[in-house]
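> What follows is the file structure_5.cif, containing mmCIF, C-alpha atoms and all ligand atoms:
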data_start
#
loop_
_atom_site.label_atom_id
_atom_site.label_comp_id
_atom_site.auth_asym_id
_atom_site.auth_seq_id
_atom_site.Cartn_x
_atom_site.Cartn_y
_atom_site.Cartn_z
CA MET Y 11 8.61 -11.44 23.51
CA THR Y 12 5.40 -11.33 21.45
CA HIS Y 13 3.22 -8.41 22.48
CA ARG Y 14 0.09 -8.38 20.39
CA TYR Y 15 -1.70 -5.43 18.88
CA SER Y 16 -4.99 -4.51 20.54
CA ALA Y 17 -8.13 -6.27 19.29
CA LEU Y 18 -9.22 -2.92 17.78
CA SER Y 19 -5.93 -2.50 15.88
CA ILE Y 20 -6.21 -6.07 14.55
CA ALA Y 21 -9.84 -5.56 13.49
CA LEU Y 22 -8.99 -2.27 11.74
CA HIS Y 23 -5.93 -3.79 10.04
CA TRP Y 24 -7.95 -6.62 8.47
CA THR Y 25 -11.01 -4.51 7.63
CA MET Y 26 -8.80 -2.00 5.84
CA ALA Y 27 -6.78 -4.74 4.14
CA VAL Y 28 -10.01 -6.14 2.64
CA MET Y 29 -11.19 -2.65 1.63
CA ILE Y 30 -7.85 -1.78 -0.03
CA ALA Y 31 -7.81 -5.11 -1.90
CA GLY Y 32 -11.44 -4.52 -2.98
CA ALA Y 33 -10.71 -0.96 -4.11
CA TRP Y 34 -7.65 -2.20 -5.98
CA VAL Y 35 -9.53 -4.99 -7.75
CA LEU Y 36 -12.47 -2.75 -8.70
CA GLY Y 37 -10.02 0.01 -9.77
CA GLY Y 38 -7.90 -2.46 -11.73
CA VAL Y 39 -10.80 -4.00 -13.67
CA LEU Y 40 -12.55 -0.67 -14.30
CA ASP Y 41 -11.04 0.13 -17.63
CA ASP Y 42 -10.81 -3.22 -19.34
CA LEU Y 43 -13.00 -5.95 -17.97
CA VAL Y 44 -16.47 -4.74 -17.06
CA PRO Y 45 -19.23 -4.06 -19.57
CA ARG Y 46 -20.02 -0.36 -20.01
CA ALA Y 47 -23.39 -0.67 -18.25
CA TRP Y 48 -21.73 -1.89 -15.04
CA LYS Y 49 -19.08 0.81 -14.93
CA PRO Y 50 -20.92 3.33 -12.74
CA MET Y 51 -21.56 0.59 -10.16
CA VAL Y 52 -17.96 -0.62 -10.21
CA VAL Y 53 -16.53 2.91 -10.05
CA GLY Y 54 -18.98 3.82 -7.26
CA GLY Y 55 -18.07 0.72 -5.25
CA HIS Y 56 -14.40 1.50 -5.82
CA ALA Y 57 -14.80 5.05 -4.51
CA LEU Y 58 -16.88 3.93 -1.51
CA LEU Y 59 -14.24 1.38 -0.46
CA GLY Y 60 -11.56 4.06 -0.88
CA PHE Y 61 -13.52 6.51 1.28
CA GLY Y 62 -13.91 3.72 3.86
CA VAL Y 63 -10.12 3.38 4.00
CA LEU Y 64 -9.80 7.14 4.46
CA ALA Y 65 -12.44 7.18 7.22
CA LEU Y 66 -10.78 4.34 9.16
CA LEU Y 67 -7.24 5.73 8.89
CA LEU Y 68 -7.43 8.13 11.85
CA PRO Y 69 -9.10 5.56 14.19
CA ARG Y 70 -6.40 3.12 13.09
CA LEU Y 71 -3.56 5.49 13.92
CA LEU Y 72 -5.14 6.34 17.28
CA ALA Y 73 -5.64 2.65 18.13
CA ARG Y 74 -2.02 2.02 17.17
CA ARG Y 75 -0.86 4.82 19.46
CA SER Y 76 -2.75 3.45 22.40
CA SER Y 77 -1.39 -0.08 21.70
CA ALA Y 78 2.07 1.50 21.78
CA ARG Y 79 1.39 3.11 25.13
CA ALA Y 80 -0.03 -0.10 26.56
CA THR Y 81 3.02 -2.15 25.56
CA ALA Y 82 5.52 0.72 26.05
CA GLY Y 83 7.52 -0.30 23.02
CA GLY Y 84 6.26 0.64 19.58
CA ALA Y 85 3.12 -0.38 17.73
CA ALA Y 86 3.48 -3.71 19.42
CA ALA Y 87 6.84 -4.10 21.11
CA ALA Y 88 9.38 -5.68 18.83
CA ALA Y 89 10.21 -9.34 19.19
CA ALA Y 90 13.30 -9.60 21.38
CA ALA Y 91 15.60 -11.03 18.69
CA THR Y 92 14.71 -8.54 15.93
CA PRO Y 93 17.82 -6.61 14.81
CA ASP Y 94 17.72 -2.79 14.80
CA TRP Y 95 18.01 -2.41 11.02
CA GLU Y 96 15.02 -4.70 10.54
CA GLU Y 97 12.91 -2.70 12.95
CA ARG Y 98 13.84 0.53 11.18
CA LEU Y 99 13.03 -0.98 7.78
CA ALA Y 100 9.66 -2.23 9.06
CA ALA Y 101 8.88 1.20 10.58
CA ALA Y 102 9.72 2.94 7.26
CA MET Y 103 7.58 0.45 5.37
CA HIS Y 104 4.61 0.96 7.69
CA LEU Y 105 4.96 4.74 7.43
CA LEU Y 106 4.88 4.51 3.63
CA LEU Y 107 1.81 2.25 3.75
CA TYR Y 108 0.00 4.74 6.02
CA ALA Y 109 0.99 7.60 3.69
CA LEU Y 110 -0.51 5.68 0.75
CA MET Y 111 -3.72 4.97 2.71
CA LEU Y 112 -4.08 8.76 2.92
CA LEU Y 113 -2.81 9.80 -0.52
CA LEU Y 114 -4.60 7.16 -2.61
CA PRO Y 115 -8.13 8.11 -1.54
CA LEU Y 116 -7.26 11.83 -1.70
CA THR Y 117 -5.88 11.66 -5.25
CA GLY Y 118 -8.88 9.50 -6.23
CA LEU Y 119 -11.19 12.14 -4.79
CA VAL Y 120 -9.43 14.95 -6.65
CA ALA Y 121 -9.57 12.90 -9.89
CA ALA Y 122 -13.31 12.39 -9.38
CA LEU Y 123 -13.90 16.10 -8.67
CA SER Y 124 -11.90 16.98 -11.80
CA GLY Y 125 -14.06 15.01 -14.25
CA ARG Y 126 -16.32 16.50 -16.90
CA ARG Y 127 -19.52 15.08 -15.39
CA PRO Y 128 -20.85 14.51 -11.84
CA PHE Y 129 -19.40 11.34 -10.28
CA PRO Y 130 -22.18 9.16 -8.78
CA VAL Y 131 -21.33 6.93 -5.80
CA LEU Y 132 -23.79 4.01 -5.91
CA GLY Y 133 -26.82 6.32 -5.79
CA LEU Y 134 -25.82 7.43 -2.29
CA PHE Y 135 -24.36 10.78 -3.29
CA GLU Y 136 -22.77 12.51 -6.23
CA LEU Y 137 -19.43 14.32 -6.41
CA GLN Y 138 -19.73 17.48 -8.48
CA PRO Y 139 -16.98 18.29 -10.99
CA VAL Y 140 -15.97 21.42 -9.07
CA LEU Y 141 -12.29 21.09 -9.99
CA ALA Y 142 -12.94 20.57 -13.72
CA PRO Y 143 -11.79 24.11 -14.67
CA TRP Y 144 -8.28 23.32 -13.40
CA GLY Y 145 -7.88 20.67 -16.13
CA LEU Y 146 -6.00 18.35 -13.77
CA ARG Y 147 -7.96 15.14 -14.35
CA GLN Y 148 -5.42 13.26 -16.49
CA THR Y 149 -2.46 14.27 -14.32
CA VAL Y 150 -4.16 13.40 -11.03
CA LYS Y 151 -5.50 10.15 -12.48
CA GLY Y 152 -1.93 9.28 -13.50
CA VAL Y 153 -0.64 10.01 -9.98
CA HIS Y 154 -3.51 7.94 -8.50
CA GLU Y 155 -2.58 4.98 -10.74
CA LEU Y 156 1.09 5.32 -9.86
CA LEU Y 157 0.31 5.34 -6.13
CA ALA Y 158 -2.02 2.34 -6.59
CA ASN Y 159 0.85 0.41 -8.22
CA LEU Y 160 3.23 1.48 -5.46
CA MET Y 161 0.67 0.26 -2.91
CA LEU Y 162 0.52 -3.13 -4.67
CA GLY Y 163 4.32 -3.40 -4.58
CA LEU Y 164 4.57 -2.43 -0.91
CA VAL Y 165 1.70 -4.70 0.15
CA SER Y 166 3.41 -7.59 -1.67
CA LEU Y 167 6.67 -6.92 0.25
CA HIS Y 168 4.65 -6.58 3.47
CA VAL Y 169 3.07 -10.01 2.87
CA LEU Y 170 6.43 -11.57 1.97
CA ALA Y 171 8.00 -10.16 5.15
CA THR Y 172 5.12 -11.60 7.19
CA LEU Y 173 5.57 -15.04 5.58
CA TRP Y 174 9.29 -14.88 6.30
CA HIS Y 175 8.62 -14.15 9.99
CA ALA Y 176 5.99 -16.90 10.19
CA LEU Y 177 7.73 -19.65 8.21
CA VAL Y 178 11.47 -18.97 8.55
CA ARG Y 179 12.02 -16.98 11.72
CA HIS Y 180 9.17 -18.34 13.87
CA ASP Y 181 9.65 -15.23 16.04
CA GLY Y 182 6.00 -14.47 16.78
CA VAL Y 183 5.93 -11.25 14.72
CA ALA Y 184 3.28 -12.55 12.28
CA ALA Y 185 1.15 -13.87 15.15
CA ARG Y 186 0.83 -10.35 16.57
CA MET Y 187 -1.52 -9.43 13.74
CA ILE Y 188 -2.89 -12.86 12.74
CA PRO Y 189 -5.31 -14.20 15.34
CA GLY Y 190 -4.97 -17.97 15.74
CA LEU Y 191 -1.35 -18.12 14.58
CA ALA Y 192 0.03 -17.74 18.11
CA ARG Y 193 -0.77 -21.34 19.00
CA SER Y 194 1.06 -22.68 15.94
CA GLY Y 195 4.18 -20.65 16.80
CA GLY Y 196 4.29 -18.21 13.77
C1 LIG H 201 -7.42 2.55 -1.00
C2 LIG H 201 -7.99 3.34 -1.85
C3 LIG H 201 -7.88 3.22 -3.35
C4 LIG H 201 -7.19 2.32 -4.15
C5 LIG H 201 -6.31 1.14 -3.71
C6 LIG H 201 -7.43 2.70 -5.51
C7 LIG H 201 -6.92 2.05 -6.64
C8 LIG H 201 -7.21 2.39 -7.96
C9 LIG H 201 -6.75 1.67 -9.11
C10 LIG H 201 -5.87 0.39 -9.09
C11 LIG H 201 -7.23 2.30 -10.20
C12 LIG H 201 -7.03 1.89 -11.65
C13 LIG H 201 -5.84 2.58 -12.20
C14 LIG H 201 -5.55 2.09 -13.60
O1 LIG H 201 -6.37 2.32 -14.48
O2 LIG H 201 -4.49 1.49 -13.76
C15 LIG H 201 -8.01 3.44 -9.77
C16 LIG H 201 -8.69 4.33 -10.60
C17 LIG H 201 -9.51 5.36 -10.17
N1 LIG H 201 -9.83 5.66 -8.86
FE1 LIG H 201 -9.04 4.76 -7.21
N2 LIG H 201 -8.27 3.80 -5.54
C18 LIG H 201 -8.58 4.14 -4.23
C19 LIG H 201 -9.42 5.15 -3.80
C20 LIG H 201 -10.18 5.97 -4.63
C21 LIG H 201 -11.14 6.97 -4.14
C22 LIG H 201 -11.51 7.30 -2.69
C23 LIG H 201 -11.65 7.57 -5.23
C24 LIG H 201 -12.68 8.66 -5.15
C25 LIG H 201 -13.64 8.84 -5.93
C26 LIG H 201 -11.03 6.95 -6.41
C27 LIG H 201 -11.27 7.31 -7.73
C28 LIG H 201 -10.70 6.74 -8.84
C29 LIG H 201 -10.92 7.17 -10.19
C30 LIG H 201 -11.80 8.35 -10.62
C31 LIG H 201 -10.18 6.32 -11.01
C32 LIG H 201 -10.09 6.34 -12.53
C33 LIG H 201 -11.25 5.59 -13.11
C34 LIG H 201 -11.25 5.75 -14.59
O3 LIG H 201 -11.74 6.76 -15.02
O4 LIG H 201 -10.76 4.83 -15.27
N3 LIG H 201 -10.14 5.99 -5.99
N4 LIG H 201 -7.99 3.47 -8.38
#
Go ahead and render the structure in this file as structure tokens.
Ligand code: HEM

Amino acid sequence: MTHRYSALSIALHWTMAVMIAGAWVLGGVLDDLVPRAWKPMVVGGHALLGFGVLALLLPRLLARRSSARATAGGAAAAAAATPDWEERLAAAMHLLLYALMLLLPLTGLVAALSGRRPFPVLGLFELQPVLAPWGLRQTVKGVHELLANLMLGLVSLHVLATLWHALVRHDGVAARMIPGLARSGG
């Protein structure tokens, strides 16, 4: 059985995947690779993508809930042959990923509000250093980095699991979130 996610859930999944990857790349190259003059632009783009992820999280969870109601069996009902332990592992993994989609932008925001100077976001707005007196910047930045690395690890496992479903199991699980794969049997 290969119930699909709703078109809205699929669109939000891929939009957020691109935003998270973009935020990660811009975050990851911030310190080392870009010339000083570009930094404000890179950091601003990074923050904007992160805020985008935060803004889309609630719509995503709501869309997922209504997919679950429509198929009466989870986010998209599990493929018939999927063992229980695998479903529980996948559910735990997805929960962790959602938690990171919330905590990464929030810790980034707190880090930005804890700086010594205002934090400009691509000339659109500026975050004021209202939390600077708490002296938390280094700690929160460290937590943000740790969560970003955890996100990279979990996303890698998530992609590996998808490839396993598509290339080894051929059970239709990957096709639920990858438009076009259904016809090729993944
Ligand atoms: C999905 C969302 C996000 C991801 C995946 C992400 C990822 C990252 C990564 C990989 C780094 C580099 C860490 C390192 O140096 O090793 C970083 C740094 C940082 N991020 Fe984020 N981030 C996200 C959201 C945000 C948001 C919403 C803000 C809000 C302003 C933010 C603010 C920062 C700041 C201030 C730094 C440190 C920059 C520096 O001073 O070097 N992040 N982030």
> Counting all atoms listed in the file, find residues at most 12 Å from (-4.5, 5.2, -7.7) (file frame) and give them as JSON, numbers by chain.
{"Y": [30, 33, 34, 35, 36, 37, 38, 40, 56, 57, 60, 110, 111, 112, 113, 114, 115, 116, 117, 118, 119, 120, 121, 122, 148, 149, 150, 151, 152, 153, 154, 155, 156, 157, 158, 159, 160, 161, 162]}
> Kindly provide the residues of range 49-119 of chain Y that approach range 123-142 of chain Y to within 8 Å, each paired with its closest atom pair and their distance in Å to one decimal, based on all atoms listed in the file, listed by chain and increasing number, as a Markdown table.

| residue | atom | partner | partner_atom | distance |
| --- | --- | --- | --- | --- |
| Y:Pro50 | CA | Y:Pro130 | CA | 7.2 |
| Y:Met51 | CA | Y:Leu132 | CA | 5.9 |
| Y:Val53 | CA | Y:Val131 | CA | 7.6 |
| Y:Gly54 | CA | Y:Val131 | CA | 4.2 |
| Y:Gly55 | CA | Y:Leu132 | CA | 6.6 |
| Y:Ala57 | CA | Y:Val131 | CA | 6.9 |
| Y:Leu58 | CA | Y:Val131 | CA | 6.9 |
| Y:Leu119 | CA | Y:Leu123 | CA | 6.2 |
> For the residues selected in the previous step, produce a file with C-alpha atoms as a CSV table (one decimal), in the coordinates of the input.

chain,number,residue,atom,x,y,z
Y,50,PRO,CA,-20.9,3.3,-12.7
Y,51,MET,CA,-21.6,0.6,-10.2
Y,53,VAL,CA,-16.5,2.9,-10.0
Y,54,GLY,CA,-19.0,3.8,-7.3
Y,55,GLY,CA,-18.1,0.7,-5.2
Y,57,ALA,CA,-14.8,5.0,-4.5
Y,58,LEU,CA,-16.9,3.9,-1.5
Y,119,LEU,CA,-11.2,12.1,-4.8
> Just checking: using only C-alpha atoms, which residue out of Y:Leu72, Y:Ala100, Y:Leu107, Y:Val183 ends up closest to Ser19 in chain Y?
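Closest candidate: Y:Leu72.
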> If you measure from CA of Phe61 in chain Y to CA of Ala185 in chain Y, what distance in Å do you get, rounded to one decimal?
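That distance, rounded to one decimal, is 28.7 Å.
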> Of the residues Y:Leu64, Y:Leu167, Y:Tyr108, Y:Leu173, which is the one nearest to ligand LIG 201 (chain H), using only C-alpha atoms and all ligand atoms?
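With only C-alpha atoms and all ligand atoms as the atom set, the closest residue is Y:Leu64.
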